[in-house]
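Working notes for the structure below.
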Amino acid sequence: MEPRLSDEVDALAEESHREVLVFDTSPLAHFARQNWLGVLKAVVGPRLALVPDVVVDELQQMSARDSRVRAALEADWIEHRELQTSEEIVAFAKFAALLVKGERNKGEAGVLALASVVGGIAVVDDGAGRRAARENGIFLKPTLSLLSDAIRQDLLTVKLVSVLADDLLVSQYRLPFPVGGFESWANENGLFDGHPNS
């Protein structure tokens, strides 16, 4: 009988009891382009960061056009994971049927498949991917939510995340506010509730 998880991921998760974050292409590519991967690494902290093979493929394609994206592929804190068990392949087929249009959204489908199988948290910002995660009971943590959590935990400051968000917007990353709007948006959405500086 085929194992539910690869031995490597199973051993890492059980040995360390770490929470697993499964990243989509867009956050990694944009953080790499704007030289913010170090901040993302700090936000991940002791958790296990995974990317499925379809995300690796998308990052490789992007890095051929923009060498800055290569940093996301070479980051030693992000583990590459091939979807290979029957459970992973069935999950990928399910999410691909929901999300993939031509060559688009393969990364999101891979992230949701892997997160569903390993019991991880999907780090997806795309609207269709977030909807599919919610509709299928997959834990979801969009990038802005990760950053806001880090502010509440005093890992990052509001000022730093505001600058970071503005840099992402400059790189054409879609965020739900304009340049200079992170703090207002986060306050309006209750993302700083309970933080002493909110």
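Residues in the structure tokens are numbered from 1 in each chain, the chains being A, B, ... in the order shown, and ligands are numbered from 1 in the order shown.
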Sort by chain and increasing residue number a table of all residues of segment 65-147 of chain A within 10 Å of segment 26-49 of chain A, each with its closest pair of atoms and their distance in Å to one decimal, counting only C-alpha atoms, and write it as a Markdown table.
| residue | atom | partner | partner_atom | distance |
| --- | --- | --- | --- | --- |
| A:Asp66 | CA | A:Arg33 | CA | 8.0 |
| A:Ser67 | CA | A:Arg33 | CA | 8.4 |
| A:Arg68 | CA | A:Arg33 | CA | 5.1 |
| A:Val69 | CA | A:Ala32 | CA | 5.3 |
| A:Arg70 | CA | A:Ala32 | CA | 7.7 |
| A:Ala71 | CA | A:Ala32 | CA | 6.0 |
| A:Ala72 | CA | A:Ala32 | CA | 5.9 |
| A:Leu73 | CA | A:Leu28 | CA | 8.9 |
| A:Ala75 | CA | A:Leu37 | CA | 8.4 |
| A:Asp76 | CA | A:Lys41 | CA | 9.9 |
| A:Trp77 | CA | A:Ala49 | CA | 6.7 |
| A:Ile78 | CA | A:Ala49 | CA | 5.0 |
| A:Glu79 | CA | A:Ala49 | CA | 6.1 |
| A:His80 | CA | A:Ala49 | CA | 8.8 |
| A:Gly107 | CA | A:Ser26 | CA | 8.9 |
| A:Glu108 | CA | A:Ser26 | CA | 9.5 |
| A:Gly120 | CA | A:Leu48 | CA | 9.2 |
| A:Ile121 | CA | A:Ala49 | CA | 9.7 |
| A:Val123 | CA | A:Pro27 | CA | 8.1 |
| A:Val124 | CA | A:Pro27 | CA | 7.8 |
| A:Asp125 | CA | A:Pro27 | CA | 7.5 |
| A:Asp126 | CA | A:Ser26 | CA | 8.4 |
| A:Pro142 | CA | A:Pro27 | CA | 9.1 |
| A:Thr143 | CA | A:Pro27 | CA | 6.9 |
| A:Leu144 | CA | A:Pro27 | CA | 10.0 |
| A:Leu146 | CA | A:Val43 | CA | 7.1 |
| A:Leu147 | CA | A:Val43 | CA | 7.0 |
Next, dump the selected residues to file, keeping only C-alpha atoms, as a compact mmCIF listing (two decimals), in the first residue's frame.
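result_31.txt, written as the output of this step:
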# COMPACT_ATOMS: atom_id res chain seq x y z
CA ASP A 66 13.36 37.63 -14.33
CA SER A 67 16.49 36.33 -12.59
CA ARG A 68 15.42 37.81 -9.23
CA VAL A 69 12.78 35.05 -8.94
CA ARG A 70 15.60 32.49 -8.76
CA ALA A 71 16.09 33.45 -5.08
CA ALA A 72 12.76 31.77 -4.26
CA LEU A 73 13.95 28.54 -5.92
CA ALA A 75 15.98 29.52 -0.64
CA ASP A 76 17.12 26.72 1.68
CA TRP A 77 14.12 27.19 4.00
CA ILE A 78 11.61 26.34 1.26
CA GLU A 79 11.31 22.62 0.55
CA HIS A 80 10.31 21.40 -2.90
CA GLY A 107 0.22 26.33 -8.89
CA GLU A 108 -2.91 27.00 -6.85
CA GLY A 120 -1.05 22.07 5.88
CA ILE A 121 -2.08 25.67 5.51
CA VAL A 123 -0.68 30.35 1.40
CA VAL A 124 -2.72 31.51 -1.59
CA ASP A 125 -3.71 35.06 -2.52
CA ASP A 126 -5.62 34.42 -5.74
CA PRO A 142 -3.27 34.61 2.60
CA THR A 143 0.01 36.55 2.62
CA LEU A 144 -1.49 39.64 4.25
CA LEU A 146 0.58 35.96 7.64
CA LEU A 147 2.11 39.43 7.79
Chain A: which residues are helix (DSSP H, G or I) by DSSP, as JSON, numbers by chain? {"A": [7, 8, 9, 10, 11, 12, 13, 14, 15, 16, 25, 26, 27, 28, 29, 30, 31, 32, 33, 37, 38, 39, 40, 41, 42, 43, 44, 53, 54, 55, 56, 57, 58, 59, 60, 61, 62, 63, 64, 65, 67, 68, 69, 70, 71, 72, 73, 74, 86, 87, 88, 89, 90, 91, 92, 93, 94, 95, 96, 97, 98, 99, 106, 107, 108, 109, 110, 111, 112, 113, 114, 115, 116, 117, 118, 127, 128, 129, 130, 131, 132, 133, 134, 135, 143, 144, 145, 146, 147, 148, 149, 150, 151, 152, 158, 159, 160, 161, 162, 163, 164, 165, 166, 167, 168, 169, 170, 182, 183, 184, 185, 186, 187, 188]}
Hey, what's within 9 Å of Ile151 of chain A if we count only C-alpha atoms and toss same-chain stuff fewer than 5 positions away? As an mmCIF file with C-alpha atoms, in the first residue's frame, please?
data_model
loop_
_atom_site.group_PDB
_atom_site.id
_atom_site.type_symbol
_atom_site.label_atom_id
_atom_site.label_comp_id
_atom_site.auth_asym_id
_atom_site.auth_seq_id
_atom_site.Cartn_x
_atom_site.Cartn_y
_atom_site.Cartn_z
ATOM 1 C CA LEU A 146 0.578 35.955 7.640
ATOM 2 C CA LEU A 156 7.294 42.789 12.334
ATOM 3 C CA THR A 157 6.172 46.393 12.655
ATOM 4 C CA VAL A 158 3.240 48.067 10.925
ATOM 5 C CA VAL A 161 4.809 45.777 6.499
ATOM 6 C CA PHE A 192 -4.671 44.171 14.418
ATOM 7 C CA HIS A 195 -2.386 44.299 19.279
#
Choose the residue, out of A:Val179, A:Leu160, A:Met62, A:Ala91, that has the smallest atom-to-atom separation from Ile138 of chain A; count only C-alpha atoms.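 Among the listed residues, A:Ala91 lies closest to Ile138 of chain A.
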Tell me which of A:Glu183, A:Asp57, A:Glu74, A:Asp166 sits closest to Ser148 of chain A, counting only C-alpha atoms.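 Once distances to Ser148 of chain A are computed over only C-alpha atoms, the minimum belongs to A:Glu183.
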Distance query Arg81 of chain A at most 6 Å, only C-alpha atoms, self and fewer than 5 positions along chain excluded, as a ChimeraX atom specification: /A:51-53
